[in-house]
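Data from entry-v7.cif: mmCIF, C-alpha atoms
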data_input
#
loop_
_atom_site.label_atom_id
_atom_site.label_comp_id
_atom_site.auth_asym_id
_atom_site.auth_seq_id
_atom_site.Cartn_x
_atom_site.Cartn_y
_atom_site.Cartn_z
CA MET B 1 80.63 -29.95 154.09
CA ARG B 2 80.77 -28.91 157.68
CA GLN B 3 84.18 -27.92 158.91
CA ARG B 4 85.55 -29.00 162.20
CA PRO B 5 85.98 -26.28 164.77
CA ARG B 6 89.41 -24.79 165.04
CA PHE B 7 91.36 -24.69 168.27
CA ARG B 8 94.90 -24.23 169.30
CA LEU B 9 97.15 -27.23 169.58
CA PRO B 10 98.07 -28.19 173.04
CA LYS B 11 101.25 -26.70 174.23
CA LYS B 12 102.93 -30.05 174.42
CA TYR B 13 102.52 -30.53 170.70
CA ASN B 14 103.94 -27.12 169.79
CA ARG B 15 107.34 -27.35 168.24
CA PRO B 16 109.76 -24.49 168.24
CA ILE B 17 109.86 -22.45 165.01
CA SER B 18 113.21 -21.83 163.57
CA ALA B 19 114.31 -18.53 162.14
CA LYS B 20 114.36 -19.92 158.60
CA THR B 21 110.82 -21.22 158.94
CA ARG B 22 109.67 -17.88 160.28
CA ALA B 23 111.39 -16.06 157.41
CA LEU B 24 109.81 -18.42 154.88
CA VAL B 25 106.35 -17.79 156.29
CA LEU B 26 106.91 -14.04 156.26
CA ARG B 27 108.07 -14.13 152.64
CA ARG B 28 105.04 -16.16 151.62
CA HIS B 29 102.62 -13.77 153.30
CA GLN B 30 104.39 -10.78 151.71
CA ARG B 31 104.12 -12.30 148.24
CA ARG B 32 100.45 -12.85 148.79
CA SER B 33 100.00 -9.14 149.83
CA VAL B 34 101.94 -7.90 146.81
CA GLY B 35 99.92 -10.10 144.43
CA ARG B 36 96.67 -8.87 145.91
CA ARG B 37 97.75 -5.21 145.48
CA GLU B 38 98.83 -5.80 141.89
CA ARG B 39 95.53 -7.43 141.04
CA THR B 40 93.70 -4.48 142.58
CA GLU B 41 95.77 -1.99 140.57
CA ARG B 42 95.21 -3.93 137.33
CA ARG B 43 91.47 -3.92 137.99
CA ILE B 44 91.50 -0.16 138.62
CA ARG B 45 93.46 0.46 135.41
CA ARG B 46 90.97 -1.59 133.42
CA ILE B 47 88.11 0.43 134.89
CA GLN B 48 89.92 3.70 134.08
CA ARG B 49 90.51 2.62 130.45
CA TRP B 50 86.87 1.66 130.13
CA ILE B 51 85.79 5.07 131.48
CA LEU B 52 88.14 6.89 129.08
CA ASP B 53 86.82 4.87 126.14
CA CYS B 54 83.25 5.74 127.13
CA VAL B 55 84.10 9.44 127.46
CA ALA B 56 85.81 9.47 124.02
CA ALA B 57 82.85 7.76 122.40
CA LEU B 58 80.43 10.11 124.12
CA ARG B 59 82.50 13.12 122.99
CA TRP B 60 82.49 11.88 119.40
CA TRP B 61 78.74 11.41 119.43
CA LEU B 62 78.22 14.86 120.98
CA VAL B 63 80.42 16.52 118.35
CA SER B 64 78.58 14.67 115.58
CA LEU B 65 75.24 15.71 117.04
CA LEU B 66 76.35 19.34 117.35
CA VAL B 67 77.62 19.44 113.75
CA GLY B 68 74.36 17.91 112.57
CA LEU B 69 72.32 20.49 114.48
CA ILE B 70 74.41 23.32 113.02
CA VAL B 71 73.93 22.01 109.49
CA VAL B 72 70.19 21.67 110.02
CA ALA B 73 70.02 25.19 111.50
CA VAL B 74 71.97 26.69 108.59
CA LEU B 75 69.81 24.93 106.02
CA PHE B 76 66.68 26.07 107.83
CA LEU B 77 68.00 29.62 108.06
CA MET B 78 68.93 29.76 104.38
CA PHE B 79 65.89 28.13 102.81
CA SER B 80 63.04 28.76 105.22
CA SER B 81 60.47 31.35 104.12
CA LEU B 82 60.21 32.38 107.75
CA PHE B 83 63.26 34.62 107.25
CA HIS B 84 61.94 36.47 104.19
CA VAL B 85 61.36 40.21 104.64
CA ARG B 86 57.69 40.84 105.38
CA ALA B 87 57.74 44.19 107.19
CA ILE B 88 59.81 47.39 107.00
CA ARG B 89 59.62 49.98 109.77
CA ILE B 90 60.81 53.51 109.01
CA GLN B 91 62.00 55.93 111.66
CA ARG B 92 62.44 59.42 110.24
CA SER B 93 64.36 62.25 111.87
CA GLU B 94 62.83 64.99 109.65
CA ARG B 95 59.16 65.54 108.98
CA ARG B 96 59.70 66.33 105.31
CA LEU B 97 60.52 62.69 104.55
CA ASP B 98 57.65 61.07 102.63
CA ILE B 99 57.07 57.60 104.10
CA GLU B 100 55.11 56.48 101.01
CA ARG B 101 58.08 57.30 98.76
CA VAL B 102 60.36 55.33 101.06
CA GLU B 103 58.05 52.31 100.98
CA HIS B 104 57.82 52.51 97.19
CA ALA B 105 61.61 52.70 96.88
CA LEU B 106 62.07 49.62 99.08
CA MET B 107 59.60 47.41 97.25
CA PRO B 108 62.44 45.34 95.63
CA VAL B 109 63.53 44.28 99.13
CA MET B 110 60.18 42.79 100.15
CA GLY B 111 60.18 39.00 100.00
CA ARG B 112 63.97 38.78 99.93
CA HIS B 113 65.91 36.75 102.49
CA ILE B 114 66.72 39.03 105.42
CA LEU B 115 70.39 37.99 105.48
CA SER B 116 70.87 39.09 101.85
CA VAL B 117 69.83 42.70 102.54
CA SER B 118 72.66 45.17 103.24
CA SER B 119 72.78 48.77 104.41
CA GLN B 120 74.47 49.93 101.21
CA GLU B 121 71.74 48.38 99.08
CA ILE B 122 69.04 50.12 101.13
CA LEU B 123 70.87 53.45 100.86
CA ASP B 124 71.26 53.12 97.07
CA LEU B 125 67.56 52.31 96.61
CA LEU B 126 66.48 55.26 98.73
CA GLN B 127 68.84 57.76 97.10
CA LYS B 128 67.46 56.87 93.65
CA GLU B 129 63.99 57.84 94.85
CA ILE B 130 64.90 60.51 97.44
CA PRO B 131 68.22 62.17 96.49
CA ASP B 132 68.53 64.25 99.68
CA ILE B 133 68.89 61.20 101.95
CA ALA B 134 72.35 61.45 103.49
CA ASP B 135 72.60 58.20 105.44
CA ILE B 136 70.60 55.32 106.91
CA ALA B 137 70.98 52.95 109.85
CA LEU B 138 69.72 49.41 109.25
CA SER B 139 68.87 46.94 111.99
CA LYS B 140 67.39 43.50 111.38
CA ARG B 141 64.70 42.25 113.74
CA TYR B 142 64.52 38.56 113.12
CA PRO B 143 62.89 36.71 111.66
CA SER B 144 61.36 39.01 109.01
CA THR B 145 61.43 42.74 109.92
CA LEU B 146 63.78 45.52 108.81
CA ALA B 147 64.08 48.67 110.94
CA ILE B 148 65.50 51.67 109.08
CA ARG B 149 66.40 55.05 110.55
CA THR B 150 66.95 57.74 107.92
CA THR B 151 69.00 60.93 108.01
CA LEU B 152 68.39 63.70 105.48
CA GLU B 153 70.78 66.38 104.34
CA PRO B 154 70.63 69.45 106.62
CA LEU B 155 68.75 72.51 105.43
CA ILE B 156 70.63 75.77 104.88
CA ALA B 157 67.93 78.08 103.48
CA ARG B 158 64.27 78.55 102.65
CA VAL B 159 63.41 78.86 98.97
CA ALA B 160 60.67 80.83 97.21
CA ILE B 161 60.24 80.32 93.47
CA ALA B 162 59.28 83.58 91.75
CA PRO B 163 58.02 83.90 88.14
CA PRO B 164 60.91 83.82 85.64
CA ASP B 165 60.00 87.28 84.33
CA GLY B 166 59.15 88.73 87.74
CA ARG B 167 61.00 91.72 89.02
CA GLU B 168 62.85 91.86 92.26
CA GLY B 169 60.51 92.37 95.16
CA SER B 170 57.52 90.68 93.53
CA PRO B 171 55.63 88.26 95.80
CA PRO B 172 57.17 84.78 95.81
CA GLN B 173 55.14 82.24 93.89
CA GLY B 174 55.48 78.67 92.80
CA SER B 175 56.07 77.04 96.19
CA GLY B 176 52.30 76.93 96.87
CA SER B 177 50.39 77.68 100.01
CA THR B 178 50.69 74.13 101.38
CA LEU B 179 54.27 73.30 100.36
CA HIS B 180 57.41 74.57 102.04
CA ALA B 181 60.56 74.69 99.88
CA TYR B 182 64.12 74.43 101.19
CA LEU B 183 67.72 74.19 100.05
CA THR B 184 69.99 71.48 101.46
CA ASP B 185 73.72 71.77 102.02
CA SER B 186 74.32 70.01 98.67
CA ARG B 187 72.20 72.72 96.94
CA ARG B 188 69.27 70.35 96.37
CA TYR B 189 65.81 71.81 96.07
CA VAL B 190 63.35 69.96 98.34
CA VAL B 191 59.74 70.54 99.29
CA SER B 192 57.76 69.49 102.33
CA PRO B 193 54.04 69.60 103.14
CA VAL B 194 54.92 70.70 106.67
CA ALA B 195 57.29 73.36 107.90
CA GLU B 196 60.49 72.11 109.50
CA SER B 197 61.11 73.11 113.07
CA GLY B 198 63.23 76.25 113.31
CA ASP B 199 62.89 77.10 109.61
CA GLU B 200 62.10 80.72 110.45
CA GLN B 201 65.78 81.08 111.39
CA LEU B 202 66.91 80.00 107.90
CA PRO B 203 67.68 82.71 105.32
CA LEU B 204 65.17 83.15 102.49
CA LEU B 205 66.32 82.77 98.86
CA ILE B 206 64.02 84.07 96.11
CA VAL B 207 64.85 82.19 92.91
CA THR B 208 63.81 83.65 89.57
CA ASP B 209 64.89 83.76 85.91
CA TRP B 210 64.82 79.97 85.78
CA PRO B 211 64.91 78.15 82.42
CA ALA B 212 62.49 75.46 83.69
CA ILE B 213 60.44 74.94 86.80
CA PRO B 214 62.83 73.54 89.44
CA THR B 215 62.22 69.88 90.21
CA PRO B 216 62.45 68.70 93.83
CA GLY B 217 65.57 66.64 94.46
CA THR B 218 67.72 68.38 91.83
CA GLU B 219 70.59 70.82 92.39
CA LEU B 220 69.11 74.29 92.13
CA PHE B 221 72.23 76.21 91.07
CA PRO B 222 76.03 75.80 90.83
CA GLU B 223 78.16 75.68 93.94
CA THR B 224 80.15 78.70 92.73
CA LEU B 225 77.04 80.88 92.81
CA LEU B 226 76.14 79.98 96.38
CA THR B 227 79.74 80.29 97.62
CA THR B 228 80.21 83.71 96.00
CA MET B 229 76.88 84.97 97.32
CA ASN B 230 77.64 83.87 100.89
CA LYS B 231 81.08 85.43 100.77
CA ALA B 232 79.67 88.70 99.41
CA GLU B 233 77.01 88.83 102.12
CA GLN B 234 79.59 88.26 104.86
CA THR B 235 81.83 90.99 103.39
CA LEU B 236 78.98 93.51 103.30
CA LEU B 237 78.19 92.81 106.93
CA SER B 238 81.73 92.67 108.31
CA GLU B 239 83.34 95.50 106.28
CA PHE B 240 80.44 97.90 105.71
CA GLY B 241 78.03 96.92 108.48
CA GLN B 242 75.22 96.41 105.99
CA LYS B 243 72.78 93.55 106.67
CA VAL B 244 71.06 91.84 103.77
CA VAL B 245 67.27 91.74 104.05
CA THR B 246 66.31 89.77 100.92
CA ARG B 247 68.36 87.59 98.54
CA THR B 248 67.21 87.12 94.95
CA ILE B 249 69.03 84.69 92.63
CA PHE B 250 68.75 84.91 88.82
CA LEU B 251 69.60 81.42 87.54
CA ARG B 252 70.12 82.05 83.82
CA ALA B 253 71.95 85.32 84.35
CA ARG B 254 74.02 83.73 87.16
CA GLU B 255 73.72 86.82 89.33
CA PHE B 256 72.27 87.72 92.70
CA HIS B 257 70.66 90.84 94.16
CA PHE B 258 70.85 91.85 97.81
CA ALA B 259 67.98 93.99 99.07
CA MET B 260 69.33 96.20 101.86
CA GLY B 261 66.06 98.00 102.59
CA LYS B 262 65.10 100.83 100.23
CA TRP B 263 67.92 99.98 97.81
CA SER B 264 69.71 96.85 96.60
CA VAL B 265 73.16 95.70 95.43
CA TRP B 266 73.54 93.71 92.20
CA MET B 267 76.43 91.24 91.76
CA ASP B 268 77.25 88.22 89.60
CA ILE B 269 79.80 85.41 89.30
CA ALA B 270 81.05 86.40 85.83
CA SER B 271 83.59 88.84 87.29
CA PRO B 272 85.77 88.42 90.38
CA LEU B 273 84.06 89.23 93.66
CA GLU B 274 87.09 91.17 94.90
CA GLY B 275 86.78 93.62 91.98
CA GLN B 276 83.08 94.18 92.64
CA ILE B 277 83.73 94.82 96.36
CA ALA B 278 86.53 97.23 95.42
CA ARG B 279 84.19 99.16 93.11
CA TYR B 280 81.56 99.25 95.85
CA ARG B 281 84.15 100.59 98.31
CA VAL B 282 85.12 103.39 95.91
CA PHE B 283 81.45 104.19 95.22
CA LEU B 284 80.66 104.60 98.91
CA LYS B 285 83.67 106.87 99.30
CA GLU B 286 83.05 109.04 96.23
CA VAL B 287 79.25 109.06 95.93
CA GLY B 288 77.78 107.60 99.10
CA LEU B 289 74.44 106.02 99.80
CA PRO B 290 72.33 109.23 99.97
CA GLY B 291 72.41 109.45 96.15
CA VAL B 292 70.99 105.90 95.72
CA LYS B 293 67.23 105.46 95.35
CA GLU B 294 66.80 101.98 93.85
CA TYR B 295 69.92 99.91 93.15
CA ILE B 296 73.74 99.80 92.83
CA ASP B 297 74.96 97.63 89.93
CA LEU B 298 78.51 96.30 90.43
CA ARG B 299 78.51 93.79 87.56
CA VAL B 300 80.13 96.01 84.90
CA ALA B 301 83.94 96.04 85.09
CA GLY B 302 85.50 99.48 85.65
CA ARG B 303 82.29 101.31 86.50
CA VAL B 304 79.34 101.40 88.90
CA VAL B 305 75.80 101.90 87.66
CA TYR B 306 73.27 103.16 90.16
CA LYS B 307 69.85 104.68 90.25
#
Can you dump the structure from the file as structure tokens?
Amino acid sequence: MRQRPRFRLPKKYNRPISAKTRALVLRRHQRRSVGRRERTERRIRRIQRWILDCVAALRWWLVSLLVGLIVVAVLFLMFSSLFHVRAIRIQRSERRLDIERVEHALMPVMGRHILSVSSQEILDLLQKEIPDIADIALSKRYPSTLAIRTTLEPLIARVAIAPPDGREGSPPQGSGSTLHAYLTDSRRYVVSPVAESGDEQLPLLIVTDWPAIPTPGTELFPETLLTTMNKAEQTLLSEFGQKVVTRTIFLRAREFHFAMGKWSVWMDIASPLEGQIARYRVFLKEVGLPGVKEYIDLRVAGRVVYK
């Protein structure tokens, strides 16, 4: 329906507006403004509640999705054959380590889940096969490769196995022309097809009088024998200025001979080392080295036998 145009009333029809009428009109307009503002605020609050409800629902669905993905990933990681050990890479720090022996020792690990393999287990398997392994460092290269860096016991001497009935000074035999024999710091006898770098600086030990052919990986002789021999050699050098040229160890007799050049000194671990050094000191004072042609035997208590 078309509305009639609006226009002001003629001035003659305008009636004066009283103060009460004006106040009533103002109050009515104010109530209308307040109601409009309240409706707007209620609408905004409803929108805010709706947004918060949507965010909460979205958060719940995201958390559920994340938990589901984690469960699926864990199940896949635990039961998938993709994470079974298929390759083992060995990094050796010493050339004497036999890679084939390492691979043979680690055969029980192949096909296992990579997460179930520990460093201690690898070390135990290797030490059963290669006793002179001191430590290993294990790193896992997912999904199926183990990287192992090995560390062997340090070498303290070269070893030459002489015949059990051979005399001192006889050519060393038994180590072979292609094998190099060494002694580790735990007194283990080890062999290597190649010479270790710097082995010419290691002292040479000639081992004889053995009850059985020494087996690589076993302890060659008691710790007491090696400790006493080292202490005796240091005493001869520091107190008498005599440098040992060759060291020969008699396993069954538990004694050692020091070749000083044209003559040698015989000692053992059956009697105290201090008593043997004391007898040697008296011998040098009373007899002297000019009377010695072959050896000085300090093993007998209370006397010195020489030739």
Review point. Expanded to explicit residues, what is the PyMOL selection byres ((chain B and resi 110) around 9) for this file, as an MDAnalysis selection string?
Key: chainID B and resid 84:88 106:109 111:113
Review point. Any idea what's packed within 9 Å of Gly291 in chain B, counting all atoms listed in the file, ignoring anything in its chain fewer than 3 positions away? Could you give it as a ChimeraX atom specification?
Key: /B:287-288,306-307
Review point. Skipping near chain neighbours, those fewer than 2 positions away, what residues fall within 9 Å of Ala195 in chain B using only C-alpha atoms, listed as a ChimeraX atom specification?
Key: /B:95-96,179-181,192-193,197-199
Using all atoms of range 248-267 of chain B that appear in the file, construct an axis-aligned enclosing box with 4 Å of padding on every side and provide its centre coordinates and edge lengths in Å, rounded to one decimal, as lines of an AutoDock Vina configuration file.
center_x = 70.8
center_y = 91.1
center_z = 93.2
size_x = 19.3
size_y = 27.4
size_z = 26.8
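Interatomic distance, CA of Asp185 in chain B against CA of Gln276 in chain B: 26.0 Å.
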Check your understanding: So what does the PyMOL selection byres ((chain B and resi 215) around 10) actually pick up in this one, as a ChimeraX atom specification?
Key -> /B:188-191,212-214,216-220
Exercise for review: Go ahead and compute the interatomic distance for CA of Glu239 in chain B and CA of Ile269 in chain B, in Å to one decimal.
Suggested key: 20.1 Å
